[in-house]
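Chemist: Following this line is model.cif, made up of mmCIF, C-alpha atoms (C1' of nucleotides):
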data_coords
loop_
_atom_site.label_atom_id
_atom_site.label_comp_id
_atom_site.auth_asym_id
_atom_site.auth_seq_id
_atom_site.Cartn_x
_atom_site.Cartn_y
_atom_site.Cartn_z
CA MET M 1 27.16 -13.80 -0.57
CA GLU M 2 27.28 -15.93 -3.68
CA GLN M 3 27.55 -14.47 -7.16
CA ILE M 4 24.20 -13.70 -8.67
CA ALA M 5 23.74 -14.81 -12.26
CA GLU M 6 23.55 -11.87 -14.63
CA LYS M 7 20.03 -12.57 -15.87
CA LYS M 8 18.82 -13.20 -12.37
CA LYS M 9 20.14 -9.85 -11.29
CA ALA M 10 18.55 -8.18 -14.30
CA ILE M 11 15.23 -9.70 -13.31
CA LEU M 12 15.56 -8.47 -9.73
CA GLU M 13 16.44 -4.95 -10.84
CA SER M 14 13.70 -4.87 -13.42
CA THR M 15 11.14 -5.97 -10.84
CA LEU M 16 12.33 -3.32 -8.42
CA ASP M 17 12.05 -0.65 -11.10
CA LEU M 18 8.61 -1.59 -12.26
CA ILE M 19 7.13 -2.00 -8.83
CA ARG M 20 8.35 1.41 -7.86
CA GLU M 21 6.54 2.88 -10.85
CA LYS M 22 3.43 0.80 -10.96
CA GLY M 23 2.99 -1.05 -7.70
CA PHE M 24 2.64 -4.77 -7.24
CA HIS M 25 -0.35 -5.38 -9.41
CA GLY M 26 0.64 -2.90 -12.06
CA THR M 27 3.63 -5.01 -13.00
CA PRO M 28 2.95 -8.16 -15.00
CA MET M 29 5.60 -10.78 -15.30
CA SER M 30 5.67 -10.21 -19.04
CA LEU M 31 6.83 -6.63 -18.47
CA VAL M 32 9.37 -7.69 -15.91
CA ALA M 33 10.73 -10.10 -18.49
CA LYS M 34 10.76 -7.53 -21.27
CA ASN M 35 12.53 -4.88 -19.19
CA ALA M 36 15.09 -7.39 -18.04
CA GLY M 37 15.76 -8.44 -21.64
CA VAL M 38 14.65 -11.96 -20.87
CA ALA M 39 11.90 -14.34 -21.90
CA ALA M 40 8.93 -14.80 -19.61
CA GLY M 41 9.79 -18.42 -19.06
CA THR M 42 13.28 -17.56 -17.90
CA ILE M 43 11.96 -15.89 -14.80
CA TYR M 44 10.60 -19.23 -13.74
CA HIS M 45 13.98 -20.76 -14.20
CA TYR M 46 15.18 -18.62 -11.30
CA PHE M 47 12.06 -18.01 -9.23
CA ASP M 48 9.21 -20.31 -8.30
CA SER M 49 6.52 -17.69 -8.59
CA LYS M 50 5.83 -14.00 -8.65
CA ASP M 51 5.45 -13.99 -4.87
CA LYS M 52 8.82 -15.62 -4.36
CA LEU M 53 10.37 -13.19 -6.81
CA ILE M 54 9.07 -10.23 -4.89
CA CYS M 55 10.28 -11.63 -1.61
CA GLU M 56 13.72 -12.17 -3.07
CA VAL M 57 13.82 -8.61 -4.31
CA PHE M 58 13.27 -7.55 -0.74
CA THR M 59 16.10 -9.57 0.74
CA TYR M 60 18.32 -8.52 -2.15
CA ILE M 61 17.75 -4.87 -1.20
CA MET M 62 18.22 -5.38 2.50
CA ASP M 63 21.55 -7.08 1.95
CA ASN M 64 22.74 -4.13 -0.09
CA MET M 65 21.61 -1.65 2.52
CA MET M 66 23.16 -3.45 5.44
CA GLU M 67 26.44 -3.49 3.52
CA ALA M 68 26.31 0.27 2.96
CA VAL M 69 25.62 1.15 6.57
CA LYS M 70 28.32 -1.08 8.02
CA GLN M 71 30.87 0.12 5.51
CA HIS M 72 30.63 3.74 6.63
CA ASP M 73 30.65 3.16 10.37
CA LYS M 74 33.92 4.19 12.06
CA GLU M 75 34.16 2.89 15.59
CA GLU M 76 36.82 5.38 16.63
CA MET M 77 34.49 8.38 16.36
CA THR M 78 32.61 9.87 19.32
CA TYR M 79 29.24 8.35 20.01
CA GLN M 80 27.30 11.35 18.81
CA ALA M 81 29.34 11.57 15.62
CA ARG M 82 28.75 7.90 14.95
CA PHE M 83 25.06 8.38 15.48
CA PHE M 84 24.85 11.13 12.90
CA ASN M 85 27.03 9.08 10.62
CA VAL M 86 24.77 6.04 10.78
CA TRP M 87 21.76 8.25 10.23
CA ARG M 88 23.36 9.80 7.15
CA SER M 89 24.50 6.46 5.72
CA GLN M 90 20.97 5.24 5.69
CA LEU M 91 19.67 8.44 4.19
CA ARG M 92 22.36 8.34 1.53
CA PHE M 93 21.44 4.80 0.64
CA TYR M 94 17.83 5.74 0.10
CA LEU M 95 18.76 8.76 -1.98
CA GLU M 96 21.23 6.84 -4.10
CA ASN M 97 18.78 4.01 -4.58
CA PRO M 98 15.49 5.76 -5.08
CA LYS M 99 13.85 2.62 -6.34
CA VAL M 100 14.28 1.11 -2.94
CA LEU M 101 12.20 3.55 -0.95
CA VAL M 102 8.86 2.94 -2.57
CA PHE M 103 9.37 -0.75 -2.96
CA PHE M 104 10.49 -1.16 0.61
CA GLU M 105 7.60 0.75 2.11
CA GLN M 106 5.12 -0.98 -0.11
CA PHE M 107 6.50 -4.36 0.74
CA VAL M 108 6.62 -3.88 4.48
CA ASN M 109 2.97 -2.89 4.55
CA SER M 110 1.79 -5.71 2.34
CA PRO M 111 0.86 -9.29 3.04
CA TYR M 112 4.05 -10.40 1.28
CA ASN M 113 5.87 -9.32 4.38
CA GLU M 114 4.41 -12.26 6.22
CA LEU M 115 5.60 -14.72 3.61
CA ILE M 116 9.11 -14.12 4.87
CA GLY M 117 9.68 -14.77 8.52
CA HIS M 118 9.79 -11.11 9.54
CA ASN M 119 13.33 -11.35 10.76
CA ARG M 120 15.19 -10.48 7.62
CA HIS M 121 15.21 -6.72 7.80
CA ASP M 122 15.87 -7.23 11.43
CA LYS M 123 19.55 -7.68 10.60
CA LEU M 124 19.82 -3.98 10.03
CA ARG M 125 17.57 -3.34 12.99
CA GLN M 126 19.59 -5.68 15.14
CA HIS M 127 22.74 -3.82 14.27
CA LEU M 128 21.14 -0.50 15.11
CA LYS M 129 19.63 -1.83 18.31
CA LEU M 130 22.98 -2.92 19.58
CA PHE M 131 24.50 0.45 18.76
CA LEU M 132 21.71 2.30 20.55
CA SER M 133 21.75 -0.07 23.46
CA ASN M 134 25.43 0.72 23.95
CA GLY M 135 24.53 4.40 23.86
CA VAL M 136 22.05 3.93 26.67
CA GLU M 137 24.52 1.97 28.80
CA ALA M 138 27.24 4.54 28.24
CA GLY M 139 24.92 7.30 29.39
CA TYR M 140 24.63 9.09 26.08
CA LEU M 141 21.00 8.26 25.49
CA ARG M 142 17.81 8.31 27.51
CA ARG M 143 16.99 5.04 29.18
CA VAL M 144 14.42 3.87 26.66
CA ASN M 145 13.82 0.40 25.27
CA PRO M 146 16.41 0.04 22.45
CA GLU M 147 13.80 -1.77 20.39
CA VAL M 148 11.77 1.41 20.43
CA LEU M 149 14.76 3.64 19.82
CA SER M 150 15.84 1.68 16.79
CA VAL M 151 12.40 1.89 15.22
CA LEU M 152 12.28 5.62 15.85
CA VAL M 153 15.61 6.07 14.10
CA LEU M 154 14.73 3.86 11.14
CA THR M 155 11.40 5.56 10.49
CA ASN M 156 12.89 8.98 10.99
CA VAL M 157 15.35 8.36 8.18
CA ILE M 158 12.71 6.94 5.90
CA THR M 159 10.47 9.92 6.57
CA THR M 160 13.29 12.28 5.69
CA ALA M 161 14.07 10.42 2.49
CA LYS M 162 10.43 10.52 1.48
CA MET M 163 10.20 14.25 2.02
CA ILE M 164 13.25 14.78 -0.13
CA ARG M 165 11.90 12.53 -2.84
CA ARG M 166 8.59 14.35 -2.86
CA GLY M 167 10.43 17.63 -3.16
CA GLU M 168 9.12 18.92 0.15
CA ILE M 169 12.65 19.66 1.22
CA ASN M 170 15.78 20.13 -0.81
CA GLN M 171 18.55 17.60 -0.72
CA GLU M 172 21.11 20.30 0.10
CA SER M 173 18.95 22.12 2.60
CA PRO M 174 20.05 22.55 6.22
CA GLU M 175 16.59 21.28 7.13
CA ILE M 176 17.94 17.78 6.75
CA GLU M 177 20.51 18.29 9.46
CA GLN M 178 17.77 19.85 11.57
CA ILE M 179 15.75 16.66 11.37
CA ALA M 180 18.66 14.56 12.53
CA GLU M 181 19.24 17.04 15.33
CA ILE M 182 15.61 16.89 16.40
CA LEU M 183 15.92 13.16 16.66
CA TRP M 184 19.19 13.35 18.56
CA LYS M 185 17.86 16.01 20.90
CA GLY M 186 14.84 13.83 21.57
CA ILE M 187 16.65 10.65 22.42
CA SER M 188 19.90 11.90 23.99
CA LEU M 189 20.44 12.90 27.59
CA MET X 1 -20.92 15.62 5.96
CA GLU X 2 -23.88 14.12 4.13
CA GLN X 3 -25.41 10.82 5.12
CA ILE X 4 -23.77 7.87 3.41
CA ALA X 5 -26.18 5.28 2.05
CA GLU X 6 -26.11 2.10 4.08
CA LYS X 7 -24.94 -0.15 1.26
CA LYS X 8 -22.32 2.33 0.21
CA LYS X 9 -20.94 2.38 3.71
CA ALA X 10 -21.00 -1.41 3.84
CA ILE X 11 -18.97 -1.49 0.64
CA LEU X 12 -16.43 0.97 2.01
CA GLU X 13 -16.05 -0.98 5.24
CA SER X 14 -15.82 -4.28 3.46
CA THR X 15 -13.12 -2.94 1.18
CA LEU X 16 -11.17 -1.61 4.12
CA ASP X 17 -11.40 -4.95 5.89
CA LEU X 18 -10.35 -7.05 2.95
CA ILE X 19 -7.49 -4.84 1.91
CA ARG X 20 -6.09 -4.93 5.38
CA GLU X 21 -6.10 -8.71 5.26
CA LYS X 22 -5.17 -9.39 1.69
CA GLY X 23 -3.73 -6.26 0.13
CA PHE X 24 -4.93 -4.50 -2.97
CA HIS X 25 -4.66 -7.32 -5.42
CA GLY X 26 -5.77 -9.96 -3.01
CA THR X 27 -9.24 -8.47 -2.87
CA PRO X 28 -11.44 -9.00 -5.92
CA MET X 29 -14.55 -6.94 -6.34
CA SER X 30 -16.60 -10.10 -6.09
CA LEU X 31 -15.36 -10.63 -2.54
CA VAL X 32 -15.90 -7.02 -1.61
CA ALA X 33 -19.47 -7.44 -2.81
CA LYS X 34 -19.98 -10.69 -0.96
CA ASN X 35 -18.64 -9.37 2.34
CA ALA X 36 -20.73 -6.25 2.04
CA GLY X 37 -23.85 -8.35 1.42
CA VAL X 38 -24.30 -6.76 -1.96
CA ALA X 39 -24.28 -7.79 -5.60
CA ALA X 40 -21.19 -7.13 -7.67
CA GLY X 41 -23.08 -4.77 -9.92
CA THR X 42 -24.19 -2.66 -6.98
CA ILE X 43 -20.66 -1.53 -6.30
CA TYR X 44 -20.67 0.10 -9.70
CA HIS X 45 -23.81 1.92 -8.81
CA TYR X 46 -21.80 3.84 -6.21
CA PHE X 47 -18.27 3.77 -7.58
CA ASP X 48 -16.96 4.18 -11.09
CA SER X 49 -14.22 1.61 -10.72
CA LYS X 50 -12.09 -0.28 -8.28
CA ASP X 51 -9.54 2.52 -8.31
CA LYS X 52 -12.12 5.11 -7.46
CA LEU X 53 -13.49 2.89 -4.73
CA ILE X 54 -10.11 2.57 -3.12
CA CYS X 55 -9.52 6.29 -3.31
CA GLU X 56 -12.87 6.92 -1.68
CA VAL X 57 -12.04 4.52 1.11
CA PHE X 58 -9.00 6.67 1.75
CA THR X 59 -10.86 9.96 1.99
CA TYR X 60 -13.58 8.24 4.01
CA ILE X 61 -10.96 7.24 6.57
CA MET X 62 -9.28 10.60 6.60
CA ASP X 63 -12.54 12.36 7.26
CA ASN X 64 -13.24 10.09 10.22
CA MET X 65 -9.80 10.67 11.61
CA MET X 66 -9.94 14.41 11.20
CA GLU X 67 -13.23 14.39 13.06
CA ALA X 68 -11.73 12.45 15.95
CA VAL X 69 -8.73 14.74 16.30
CA LYS X 70 -10.72 17.94 16.17
CA GLN X 71 -13.27 16.64 18.59
CA HIS X 72 -10.73 16.12 21.34
CA ASP X 73 -8.83 19.35 20.87
CA LYS X 74 -9.43 21.89 23.64
CA GLU X 75 -8.16 25.30 22.70
CA GLU X 76 -8.04 26.53 26.28
CA MET X 77 -5.27 24.11 27.26
CA THR X 78 -1.60 25.08 27.33
CA TYR X 79 0.24 24.58 24.09
CA GLN X 80 2.21 21.63 25.35
CA ALA X 81 -0.88 19.93 26.73
CA ARG X 82 -2.66 20.43 23.42
CA PHE X 83 0.29 18.95 21.60
CA PHE X 84 0.21 15.76 23.67
CA ASN X 85 -3.52 15.69 23.32
CA VAL X 86 -3.41 15.85 19.55
CA TRP X 87 -0.73 13.19 19.51
CA ARG X 88 -2.84 10.91 21.69
CA SER X 89 -6.02 11.48 19.70
CA GLN X 90 -4.34 10.25 16.59
CA LEU X 91 -2.85 7.26 18.34
CA ARG X 92 -6.21 6.41 19.85
CA PHE X 93 -7.82 6.58 16.45
CA TYR X 94 -5.34 4.10 14.99
CA LEU X 95 -5.76 1.75 17.93
CA GLU X 96 -9.54 1.89 17.82
CA ASN X 97 -9.58 1.43 14.06
CA PRO X 98 -6.93 -1.14 13.41
CA LYS X 99 -8.11 -1.70 9.88
CA VAL X 100 -7.03 1.80 9.07
CA LEU X 101 -3.35 1.46 9.81
CA VAL X 102 -2.49 -1.14 7.22
CA PHE X 103 -4.76 0.27 4.60
CA PHE X 104 -3.49 3.77 5.11
CA GLU X 105 0.17 2.85 4.91
CA GLN X 106 -0.40 0.65 1.93
CA PHE X 107 -2.32 3.34 0.15
CA VAL X 108 0.13 6.13 0.77
CA ASN X 109 2.96 4.10 -0.69
CA SER X 110 1.05 2.98 -3.75
CA PRO X 111 0.43 4.57 -7.11
CA TYR X 112 -3.19 5.13 -6.08
CA ASN X 113 -1.90 7.94 -3.97
CA GLU X 114 -1.22 9.95 -7.09
CA LEU X 115 -4.75 9.52 -8.34
CA ILE X 116 -5.83 11.85 -5.57
CA GLY X 117 -4.23 15.28 -5.49
CA HIS X 118 -0.99 15.03 -3.52
CA ASN X 119 -1.97 14.08 -0.02
CA ARG X 120 0.25 16.89 1.15
CA HIS X 121 -2.96 18.85 1.08
CA ASP X 122 -5.10 16.52 3.06
CA LYS X 123 -7.15 18.17 5.71
CA LEU X 124 -5.56 16.51 8.70
CA ARG X 125 -2.08 17.51 7.69
CA GLN X 126 -3.21 21.03 6.99
CA HIS X 127 -4.77 21.24 10.43
CA LEU X 128 -1.65 19.95 12.10
CA LYS X 129 0.58 22.25 10.11
CA LEU X 130 -1.36 25.27 11.26
CA PHE X 131 -1.21 24.13 14.86
CA LEU X 132 2.55 23.60 14.70
CA SER X 133 3.09 26.80 12.82
CA ASN X 134 1.38 28.67 15.64
CA GLY X 135 3.65 26.89 18.09
CA VAL X 136 6.70 28.13 16.23
CA GLU X 137 5.41 31.72 16.13
CA ALA X 138 4.53 31.64 19.82
CA GLY X 139 8.03 30.50 20.66
CA TYR X 140 7.12 27.06 21.94
CA LEU X 141 8.75 25.15 19.11
CA ARG X 142 12.06 25.25 17.28
CA ARG X 143 12.03 27.40 14.19
CA VAL X 144 11.67 24.55 11.69
CA ASN X 145 9.59 24.38 8.54
CA PRO X 146 6.07 23.47 9.76
CA GLU X 147 5.70 21.21 6.76
CA VAL X 148 8.57 19.17 8.12
CA LEU X 149 7.30 19.29 11.68
CA SER X 150 3.88 18.03 10.70
CA VAL X 151 5.32 15.08 8.83
CA LEU X 152 7.53 14.21 11.78
CA VAL X 153 4.54 14.21 14.10
CA LEU X 154 2.32 12.18 11.77
CA THR X 155 4.90 9.49 11.15
CA ASN X 156 5.86 9.37 14.80
CA VAL X 157 2.30 8.49 15.74
CA ILE X 158 2.01 5.92 13.00
CA THR X 159 5.26 4.33 14.07
CA THR X 160 4.02 4.08 17.62
CA ALA X 161 0.73 2.55 16.53
CA LYS X 162 2.56 -0.01 14.44
CA MET X 163 4.80 -1.02 17.29
CA ILE X 164 1.77 -1.53 19.50
CA ARG X 165 0.00 -3.53 16.84
CA ARG X 166 3.01 -5.74 16.33
CA GLY X 167 3.18 -6.31 20.06
CA GLU X 168 6.59 -4.71 20.38
CA ILE X 169 5.26 -2.47 23.09
CA ASN X 170 2.26 -2.80 25.32
CA GLN X 171 -0.71 -0.53 24.94
CA GLU X 172 -0.60 0.38 28.63
CA SER X 173 3.16 0.72 28.84
CA PRO X 174 4.75 4.03 29.89
CA GLU X 175 6.96 3.60 26.84
CA ILE X 176 4.19 5.17 24.82
CA GLU X 177 4.36 8.39 26.78
CA GLN X 178 8.13 8.26 26.44
CA ILE X 179 7.82 8.29 22.68
CA ALA X 180 5.62 11.36 22.73
CA GLU X 181 8.08 13.00 25.09
CA ILE X 182 11.00 12.20 22.82
CA LEU X 183 9.19 13.88 20.00
CA TRP X 184 8.26 16.89 22.13
CA LYS X 185 11.79 17.21 23.48
CA GLY X 186 13.12 17.11 19.95
CA ILE X 187 10.92 19.77 18.46
CA SER X 188 10.32 22.12 21.41
CA LEU X 189 12.55 24.95 22.53
"C1'" DT U 1 24.72 -37.72 -25.78
"C1'" DG U 2 23.12 -35.28 -22.01
"C1'" DC U 3 22.50 -31.25 -19.62
"C1'" DC U 4 21.59 -26.51 -18.68
"C1'" DA U 5 20.16 -21.89 -19.62
"C1'" DC U 6 16.87 -19.93 -22.10
"C1'" DC U 7 12.97 -18.95 -25.25
"C1'" DG U 8 8.04 -17.41 -26.23
"C1'" DA U 9 3.57 -18.98 -27.89
"C1'" DA U 10 -0.23 -21.21 -25.72
"C1'" DT U 11 -3.24 -22.02 -21.77
"C1'" DG U 12 -6.47 -21.48 -18.40
"C1'" DA U 13 -8.02 -19.15 -14.50
"C1'" DA U 14 -9.11 -14.91 -12.26
"C1'" DC U 15 -11.06 -10.70 -12.19
"C1'" DG U 16 -13.00 -5.98 -13.35
"C1'" DT U 17 -16.78 -4.42 -15.53
"C1'" DT U 18 -21.19 -4.54 -18.19
"C1'" DC U 19 -25.91 -5.02 -18.99
"C1'" DG U 20 -30.56 -6.68 -19.22
"C1'" DG U 21 -33.77 -7.28 -15.83
"C1'" DT U 22 -36.46 -6.99 -11.18
"C1'" DT U 23 -38.25 -4.51 -7.38
"C1'" DG U 24 -40.41 -1.00 -4.87
"C1'" DA U 25 -41.14 3.80 -3.78
"C1'" DC U 26 -43.15 7.98 -5.33
"C1'" DG U 27 -45.75 11.36 -7.95
"C1'" DC U 28 -49.68 12.44 -10.78
"C1'" DG U 29 -54.10 12.56 -13.07
"C1'" DC U 30 -58.54 10.95 -12.46
"C1'" DG B 1 -58.19 5.17 -3.79
"C1'" DC B 2 -56.45 3.44 -8.09
"C1'" DG B 3 -53.90 2.76 -12.23
"C1'" DC B 4 -49.89 4.12 -14.45
"C1'" DG B 5 -45.36 5.76 -15.57
"C1'" DT B 6 -40.84 6.70 -13.92
"C1'" DC B 7 -36.79 6.19 -11.82
"C1'" DA B 8 -33.30 4.88 -8.57
"C1'" DA B 9 -31.50 1.01 -6.19
"C1'" DC B 10 -30.11 -3.32 -6.76
"C1'" DC B 11 -29.17 -7.96 -8.70
"C1'" DG B 12 -25.97 -11.58 -10.73
"C1'" DA B 13 -24.87 -14.16 -14.89
"C1'" DA B 14 -21.96 -13.37 -18.68
"C1'" DC B 15 -18.17 -11.12 -21.18
"C1'" DG B 16 -13.67 -9.97 -22.51
"C1'" DT B 17 -9.28 -9.07 -21.01
"C1'" DT B 18 -5.27 -9.59 -18.55
"C1'" DC B 19 -1.81 -12.18 -16.61
"C1'" DA B 20 0.80 -15.89 -14.06
"C1'" DT B 21 2.38 -20.00 -15.32
"C1'" DT B 22 3.45 -24.03 -18.40
"C1'" DC B 23 5.71 -26.64 -21.72
"C1'" DG B 24 7.71 -28.21 -25.91
"C1'" DG B 25 11.59 -26.78 -28.09
"C1'" DT B 26 16.49 -24.67 -29.37
"C1'" DG B 27 21.31 -23.87 -29.08
"C1'" DG B 28 25.64 -24.49 -27.01
"C1'" DC B 29 28.86 -26.66 -24.03
"C1'" DA B 30 31.02 -30.69 -21.59
#
Rewrite the structure from the file as structure tokens, please.

Modeler:
Amino acid sequence: MEQIAEKKKAILESTLDLIREKGFHGTPMSLVAKNAGVAAGTIYHYFDSKDKLICEVFTYIMDNMMEAVKQHDKEEMTYQARFFNVWRSQLRFYLENPKVLVFFEQFVNSPYNELIGHNRHDKLRQHLKLFLSNGVEAGYLRRVNPEVLSVLVLTNVITTAKMIRRGEINQESPEIEQIAEILWKGISL
Amino acid sequence: MEQIAEKKKAILESTLDLIREKGFHGTPMSLVAKNAGVAAGTIYHYFDSKDKLICEVFTYIMDNMMEAVKQHDKEEMTYQARFFNVWRSQLRFYLENPKVLVFFEQFVNSPYNELIGHNRHDKLRQHLKLFLSNGVEAGYLRRVNPEVLSVLVLTNVITTAKMIRRGEINQESPEIEQIAEILWKGISL
DNA sequence: TGCCACCGAATGAACGTTCGGTTGACGCGC
DNA sequence: GCGCGTCAACCGAACGTTCATTCGGTGGCA
């Protein structure tokens, strides 16, 4: 990945921040500029339009997340341990980057999503799918379409992160492990 | 529930339609009016503002959905059968009302959501929570916070509906039953 | 001198909302 | 039955604001 110019990065982060707070239409470019410590015109030096900016924020996030998940995976662990590890890496990422959760969910369910070929966040999904597919072949998991399995895992983590963010469960609570176990119990043999 | 005036209903449906297609900011009031066969001013006869309109669309949907779920529930069935039945009712509702899915997900992850009291207290979730809570007490389900259980069930159904909509699984496929079974296996004792 | 990153006031279009006005249904006194 | 007043439903042109985007300009570096 190439170096991202400092101002460009500031713009991306500022956009992410504001959209989390105020949603897509609540965030005018002027505010994005102000919060990034940049002039309005400067945004257009780096991004063609607001739409393009928002799409780039998305890919910027996904790259970060993919990085985090891969970094923590240890291939020498048992399959089950790896599973819980991958699950926790994702959860940790969401908790450490709370901006991401709202933005991500908002983006995925918006028409912007179709402006990108919807293959970008598939990198993470692809990774997960392969991992789960191996689990099926090795007899650890139920024989279910890995496509389906991967989606179940991804949404399960997001759901957990959302509950924590909303204060419905505590970040330290054993309930979190319970959720991962429910998922594992459901999909494993 | 009281009768909804015809034009009011047309406005609600039109809003739902447009937001599904174009998102919140892609749908100007003028278009909502046009598609509902109504003058722009008329909308303001029924709704204070665009925000209020969108919030009312949400509760309008939730009421419909609640209705559908309750209608299919048969208390004389076994607990497990009722569980699958509730799960299927929700799925059926999403499939029969495809507009709802996108709108719903968009709404929940937007700042509008906070304009209504926390949707933690919405009627459907309350209903489900009670049902699951009973399951825990009766020894059918793992002893897990019913709040958590209800969220897991709700998101599981939504995830399934989304996969079907995106064509990742077929509406007739046995994979759908598998997903419900995975959930049941995870949360049951 | 030319180029690049950057600035920020100005522009113009889009959009939410308002408001003065029309229509038609309904009640009431005669 | 008729005239009259009232009021809710409804219309749509017009208003004022907000906001994405533009563009002429500035400073610094090669």

Chemist: One number please: CA of Val32 in chain M to CA of Ile61 in chain M, in Å, one decimal.

Modeler: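 CA of Ile61 in chain M lies 17.2 Å from CA of Val32 in chain M.
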
Chemist: Quick one: of B:DC4, B:DA9, B:DA30, B:DC19, who's nearest to chain M, counting all atoms listed in the file?

Modeler: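 Smallest distance to chain M is found for B:DC19.
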
Chemist: Using all atoms listed in the file, determine which residues lie at most 12 Å from DG27 in chain U, disregarding the query and same-chain residues fewer than 3 positions distant; provide the list as a PyMOL selection string.

Modeler: chain B and resi 4-7

Chemist: With the cut-off set at 6 Å and counting all atoms listed in the file, tabulate each residue of chain M with an atom at most that distance from an atom of chain X, showing the nearest atom pair and its distance in Å to one decimal, ordered by chain and increasing number, as a tab-separated table.

Modeler:
residue	atom	partner	partner_atom	distance
M:Gly23	CA	X:Ser110	CA	6.0
M:Gln106	CA	X:Asn109	CA	5.6
M:Asn109	CA	X:Gln106	CA	5.5
M:Ser110	CA	X:Gly23	CA	6.0
M:Ile182	CA	X:Gly186	CA	4.3
M:Leu183	CA	X:Gly186	CA	5.9
M:Lys185	CA	X:Gly186	CA	5.0
M:Gly186	CA	X:Gly186	CA	4.0
M:Ile187	CA	X:Ile182	CA	5.9

Chemist: I'd like the contact shell of DC29 in chain B - 12 Å cut-off, only C-alpha atoms (C1' of nucleotides), skipping same-chain residues fewer than 6 positions apart - returned as a PDB file with C-alpha atoms (C1' of nucleotides), keeping the file's coordinate frame.

Modeler:
ATOM      1  C1'  DT U   1      24.720 -37.720 -25.780  1.00  0.00           C
ATOM      2  C1'  DG U   2      23.120 -35.280 -22.010  1.00  0.00           C
ATOM      3  C1'  DC U   3      22.500 -31.250 -19.620  1.00  0.00           C
ATOM      4  C1'  DC U   4      21.590 -26.510 -18.680  1.00  0.00           C
ATOM      5  C1'  DA U   5      20.160 -21.890 -19.620  1.00  0.00           C
TER       6       DA U   5
END

Chemist: To one decimal in Å, tell me the separation between CA of Thr15 in chain X and CA of Arg166 in chain X.

Modeler: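 These two atoms are separated by 22.3 Å.
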
Chemist: Residues of chain M that have any atom at most 7 Å from an atom of chain U: could you tabulate them with the shortest-distance atom pair and the distance in Å to one decimal, using only C-alpha atoms (C1' of nucleotides), ordered by chain and increasing number, as CSV?

Modeler:
residue,atom,partner,partner_atom,distance
M:Ala39,CA,U:DC7,C1',5.8
M:Gly41,CA,U:DC7,C1',7.0
M:Thr42,CA,U:DC6,C1',6.0

Chemist: Can you list, as a PDB file with C-alpha atoms (C1' of nucleotides), in the frame of the given file, the residues that the PyMOL selection byres ((chain B) within 10 of (chain M)) selects here?

Modeler:
ATOM      1  C1'  DT B  18      -5.270  -9.590 -18.550  1.00  0.00           C
ATOM      2  C1'  DC B  19      -1.810 -12.180 -16.610  1.00  0.00           C
ATOM      3  C1'  DA B  20       0.800 -15.890 -14.060  1.00  0.00           C
ATOM      4  C1'  DT B  21       2.380 -20.000 -15.320  1.00  0.00           C
ATOM      5  C1'  DT B  22       3.450 -24.030 -18.400  1.00  0.00           C
ATOM      6  C1'  DC B  23       5.710 -26.640 -21.720  1.00  0.00           C
TER       7       DC B  23
END

Chemist: Quote the spacing between CA of Asp63 in chain X and CA of Gly167 in chain X in Å to one decimal place.

Modeler: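 Atom-to-atom, CA of Asp63 in chain X to CA of Gly167 in chain X, that is 27.6 Å.
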
Chemist: If we count only C-alpha atoms (C1' of nucleotides), what is near Gln90 in chain M at a cut-off of 9 Å, once residues fewer than 4 positions away on the same chain are taken out, given as number ranges by chain?

Modeler: M: 65-66, 68-69, 85-86, 94-95, 154, 157-158

Chemist: With 6 Å of padding per side, what axis-aligned box (centre and edge lengths, Å, one decimal) covers all the listed atoms of range 5-9 of chain B? Give it as AutoDock Vina command-line options.

Modeler:
--center_x -38.4 --center_y 3.9 --center_z -10.9 --size_x 25.9 --size_y 17.7 --size_z 21.4

Chemist: What do you get, as an mmCIF file with C-alpha atoms, keeping the file's coordinate frame, if you spell out every residue that the PyMOL selection byres ((chain X and resi 131) around 10) selects here?

Modeler:
data_model
loop_
_atom_site.group_PDB
_atom_site.id
_atom_site.type_symbol
_atom_site.label_atom_id
_atom_site.label_comp_id
_atom_site.auth_asym_id
_atom_site.auth_seq_id
_atom_site.Cartn_x
_atom_site.Cartn_y
_atom_site.Cartn_z
ATOM 1 C CA TYR X 79 0.240 24.580 24.090
ATOM 2 C CA ARG X 82 -2.660 20.430 23.420
ATOM 3 C CA PHE X 83 0.290 18.950 21.600
ATOM 4 C CA VAL X 86 -3.410 15.850 19.550
ATOM 5 C CA ARG X 125 -2.080 17.510 7.690
ATOM 6 C CA GLN X 126 -3.210 21.030 6.990
ATOM 7 C CA HIS X 127 -4.770 21.240 10.430
ATOM 8 C CA LEU X 128 -1.650 19.950 12.100
ATOM 9 C CA LYS X 129 0.580 22.250 10.110
ATOM 10 C CA LEU X 130 -1.360 25.270 11.260
ATOM 11 C CA LEU X 132 2.550 23.600 14.700
ATOM 12 C CA SER X 133 3.090 26.800 12.820
ATOM 13 C CA ASN X 134 1.380 28.670 15.640
ATOM 14 C CA GLY X 135 3.650 26.890 18.090
ATOM 15 C CA VAL X 136 6.700 28.130 16.230
ATOM 16 C CA PRO X 146 6.070 23.470 9.760
ATOM 17 C CA SER X 150 3.880 18.030 10.700
#
